[in-house]
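Visitor: Got a structure here, written out as structure tokens. Questions coming.
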Amino acid sequence: MSSIKIASRYAKSLLDLAQKSDKVDQIKGDLALFSEGLKSRDLEILIKSPIIKADKKLSIFKAIFGGNIDQLTSSFFDIVIKKGREAVLVDIANSFVEQYNELNEITTATITTAEKVSDAVLKNIKANIHSMGVKSKNIVVTEIVDP
């Protein structure tokens, strides 16, 4: 089974649990924190290392994220790591965000410009996206400035 399919199923399960516990936004924040932590190459290497045992990875996760994440997220990480699926945690986090956005009717767009654009231009871009038939409640535009 492909890692994308595995990640999608785990993310769906986590989203369902989060909805039942009324913690969807909290879990999304926890996964954003996890994704932020992945900017450390060491954490990414740790997650994907087949040499480091699951119990050691769990203790490192608890030390890093410990009191900063919800118990549901912590338990989810425990299960994924114990099942030997920690290599797809990054994909699970990304899939969770995609499913969260779909649930909340959020469409994302990224624009790259040479200079920062005004709020009026961003508003115009959002209006153009709506006019193309996108029926989302919210459109989130991420701007990248690349001179």
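Ordering of the structure tokens sets the chain letters (A, B, ...), residue numbers begin anew at 1 in every chain, and ligands are numbered from 1 in the order given.
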Please list as an NGL selection string every residue within 10 Å of range 39-53 of chain A, counting only C-alpha atoms and excluding residues in the same chain fewer than 5 positions away.
Guide: :A and (34 or 58 or 60-61 or 64 or 81-82 or 84-90)
Visitor: Once you count only C-alpha atoms, what closest atom pair and distance in Å to one decimal does each residue of range 77-114 of chain A within 7 Å of range 131-143 of chain A have, with rows by chain and rising residue number, as CSV?
Guide:
residue,atom,partner,partner_atom,distance
A:Glu105,CA,A:Ser136,CA,4.8
A:Ile106,CA,A:Asn138,CA,4.8
A:Thr107,CA,A:Ile139,CA,4.8
A:Thr108,CA,A:Val140,CA,4.7
A:Ala109,CA,A:Val141,CA,4.8
A:Thr110,CA,A:Thr142,CA,4.6
A:Ile111,CA,A:Glu143,CA,5.0
A:Thr112,CA,A:Glu143,CA,5.9
Visitor: Could you pull out all residues of chain A with a DSSP call of helix (DSSP H, G or I) and give them as number ranges by chain?
Guide: A: 3-20, 24-37, 41-48, 54-68, 71-82, 86-103, 119-131
Visitor: List the spatial neighbours of range 114-127 of chain A as JSON, numbers by chain - criterion: any atom at most 7 Å away, only C-alpha atoms, same-chain residues fewer than 2 positions off excluded.
Guide: {"A": [129, 130, 131, 139, 145, 146, 147]}
Visitor: Write out as an NGL selection string the residues lying within 12 Å of Leu15 in chain A, counting only C-alpha atoms and excluding same-chain residues fewer than 2 positions away.
Guide: :A and (7-13 or 17-28 or 31 or 72-73 or 76 or 92-93 or 95-103)
Visitor: Grab the residues selected above and save them as an mmCIF file, in the first residue's frame with N, CA and C atoms.
Guide:
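Result saved to part_24.cif:
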data_model
loop_
_atom_site.group_PDB
_atom_site.id
_atom_site.type_symbol
_atom_site.label_atom_id
_atom_site.label_comp_id
_atom_site.auth_asym_id
_atom_site.auth_seq_id
_atom_site.Cartn_x
_atom_site.Cartn_y
_atom_site.Cartn_z
ATOM 1 N N ALA A 7 -1.213 7.291 4.848
ATOM 2 C CA ALA A 7 -1.296 8.590 5.528
ATOM 3 C C ALA A 7 -2.720 9.119 5.520
ATOM 4 N N SER A 8 -3.399 8.966 4.405
ATOM 5 C CA SER A 8 -4.775 9.445 4.291
ATOM 6 C C SER A 8 -5.691 8.719 5.272
ATOM 7 N N ARG A 9 -5.504 7.432 5.410
ATOM 8 C CA ARG A 9 -6.349 6.650 6.327
ATOM 9 C C ARG A 9 -6.076 7.013 7.787
ATOM 10 N N TYR A 10 -4.815 7.151 8.141
ATOM 11 C CA TYR A 10 -4.487 7.547 9.508
ATOM 12 C C TYR A 10 -5.008 8.961 9.799
ATOM 13 N N ALA A 11 -4.850 9.863 8.837
ATOM 14 C CA ALA A 11 -5.316 11.237 9.021
ATOM 15 C C ALA A 11 -6.838 11.273 9.179
ATOM 16 N N LYS A 12 -7.532 10.473 8.402
ATOM 17 C CA LYS A 12 -8.999 10.400 8.494
ATOM 18 C C LYS A 12 -9.410 9.904 9.873
ATOM 19 N N SER A 13 -8.728 8.877 10.369
ATOM 20 C CA SER A 13 -9.028 8.357 11.709
ATOM 21 C C SER A 13 -8.786 9.420 12.775
ATOM 22 N N LEU A 17 -11.590 11.119 15.265
ATOM 23 C CA LEU A 17 -11.418 11.171 16.721
ATOM 24 C C LEU A 17 -11.454 12.608 17.242
ATOM 25 N N ALA A 18 -10.808 13.496 16.518
ATOM 26 C CA ALA A 18 -10.771 14.906 16.918
ATOM 27 C C ALA A 18 -12.172 15.512 16.885
ATOM 28 N N GLN A 19 -12.965 15.146 15.880
ATOM 29 C CA GLN A 19 -14.329 15.659 15.797
ATOM 30 C C GLN A 19 -15.174 15.133 16.959
ATOM 31 N N LYS A 20 -15.037 13.842 17.266
ATOM 32 C CA LYS A 20 -15.810 13.253 18.360
ATOM 33 C C LYS A 20 -15.426 13.861 19.705
ATOM 34 N N SER A 21 -14.163 14.250 19.835
ATOM 35 C CA SER A 21 -13.666 14.840 21.083
ATOM 36 C C SER A 21 -13.793 16.361 21.090
ATOM 37 N N ASP A 22 -14.288 16.920 19.993
ATOM 38 C CA ASP A 22 -14.410 18.376 19.826
ATOM 39 C C ASP A 22 -13.061 19.076 20.025
ATOM 40 N N LYS A 23 -12.018 18.493 19.395
ATOM 41 C CA LYS A 23 -10.667 19.027 19.516
ATOM 42 C C LYS A 23 -10.000 19.209 18.149
ATOM 43 N N VAL A 24 -10.783 19.435 17.118
ATOM 44 C CA VAL A 24 -10.240 19.490 15.761
ATOM 45 C C VAL A 24 -9.182 20.590 15.637
ATOM 46 N N ASP A 25 -9.513 21.775 16.119
ATOM 47 C CA ASP A 25 -8.560 22.885 15.996
ATOM 48 C C ASP A 25 -7.313 22.661 16.848
ATOM 49 N N GLN A 26 -7.484 22.053 18.020
ATOM 50 C CA GLN A 26 -6.344 21.748 18.883
ATOM 51 C C GLN A 26 -5.402 20.756 18.201
ATOM 52 N N ILE A 27 -5.970 19.714 17.604
ATOM 53 C CA ILE A 27 -5.154 18.693 16.940
ATOM 54 C C ILE A 27 -4.453 19.293 15.725
ATOM 55 N N LYS A 28 -5.165 20.147 14.988
ATOM 56 C CA LYS A 28 -4.540 20.813 13.841
ATOM 57 C C LYS A 28 -3.348 21.655 14.308
ATOM 58 N N LEU A 31 -0.423 19.352 15.113
ATOM 59 C CA LEU A 31 0.259 18.881 13.901
ATOM 60 C C LEU A 31 1.055 20.003 13.243
ATOM 61 N N LEU A 72 -4.694 13.480 23.080
ATOM 62 C CA LEU A 72 -5.150 12.723 21.916
ATOM 63 C C LEU A 72 -4.047 12.653 20.859
ATOM 64 N N THR A 73 -3.392 13.762 20.606
ATOM 65 C CA THR A 73 -2.294 13.789 19.646
ATOM 66 C C THR A 73 -1.136 12.935 20.129
ATOM 67 N N PHE A 76 -1.992 9.383 19.673
ATOM 68 C CA PHE A 76 -1.938 9.056 18.246
ATOM 69 C C PHE A 76 -0.497 8.818 17.807
ATOM 70 N N ILE A 92 1.034 12.044 7.072
ATOM 71 C CA ILE A 92 -0.201 12.046 7.855
ATOM 72 C C ILE A 92 -0.571 13.470 8.244
ATOM 73 N N ALA A 93 0.417 14.232 8.708
ATOM 74 C CA ALA A 93 0.158 15.626 9.093
ATOM 75 C C ALA A 93 -0.337 16.432 7.894
ATOM 76 N N SER A 95 -1.825 15.273 5.166
ATOM 77 C CA SER A 95 -3.142 14.765 4.791
ATOM 78 C C SER A 95 -4.209 15.264 5.766
ATOM 79 N N PHE A 96 -3.862 15.343 7.043
ATOM 80 C CA PHE A 96 -4.805 15.869 8.034
ATOM 81 C C PHE A 96 -5.189 17.300 7.694
ATOM 82 N N VAL A 97 -4.203 18.124 7.352
ATOM 83 C CA VAL A 97 -4.474 19.524 7.008
ATOM 84 C C VAL A 97 -5.362 19.607 5.762
ATOM 85 N N GLU A 98 -5.091 18.769 4.768
ATOM 86 C CA GLU A 98 -5.926 18.751 3.565
ATOM 87 C C GLU A 98 -7.371 18.387 3.909
ATOM 88 N N GLN A 99 -7.541 17.358 4.737
ATOM 89 C CA GLN A 99 -8.883 16.939 5.123
ATOM 90 C C GLN A 99 -9.564 17.977 6.008
ATOM 91 N N TYR A 100 -8.807 18.641 6.858
ATOM 92 C CA TYR A 100 -9.328 19.723 7.691
ATOM 93 C C TYR A 100 -9.829 20.864 6.802
ATOM 94 N N ASN A 101 -9.022 21.221 5.809
ATOM 95 C CA ASN A 101 -9.414 22.288 4.897
ATOM 96 C C ASN A 101 -10.669 21.921 4.117
ATOM 97 N N GLU A 102 -10.760 20.682 3.697
ATOM 98 C CA GLU A 102 -11.946 20.223 2.972
ATOM 99 C C GLU A 102 -13.180 20.270 3.871
ATOM 100 N N LEU A 103 -13.024 19.834 5.105
ATOM 101 C CA LEU A 103 -14.122 19.837 6.069
ATOM 102 C C LEU A 103 -14.628 21.255 6.324
#
Visitor: What gap, in Å, lies between CA of Ile79 in chain A and CA of Ala54 in chain A?
Guide: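 Separating CA of Ile79 in chain A from CA of Ala54 in chain A is a distance of 10.3 Å.
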Visitor: Using Å and a single decimal, report how far CA of Ser59 in chain A sits from CA of Asp78 in chain A.
Guide: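 About the pair CA of Asp78 in chain A and CA of Ser59 in chain A: they are 9.7 Å apart.
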Visitor: For CA of Ile69 in chain A and CA of Ile4 in chain A, determine how far apart the two atoms are, in Å to one decimal place.
Guide: 24.4 Å
Visitor: Taking the DSSP assignment computed from this structure's backbone, write out as a list in words all residues of range 3-130 of chain A that belong to strand (DSSP E or B).
Guide: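 Of range 3-130 of chain A, the ones in strand (DSSP E or B) are Ile106, Thr107, Thr108, Ala109, Thr110, Ile111, Thr112 and Thr113 of chain A.
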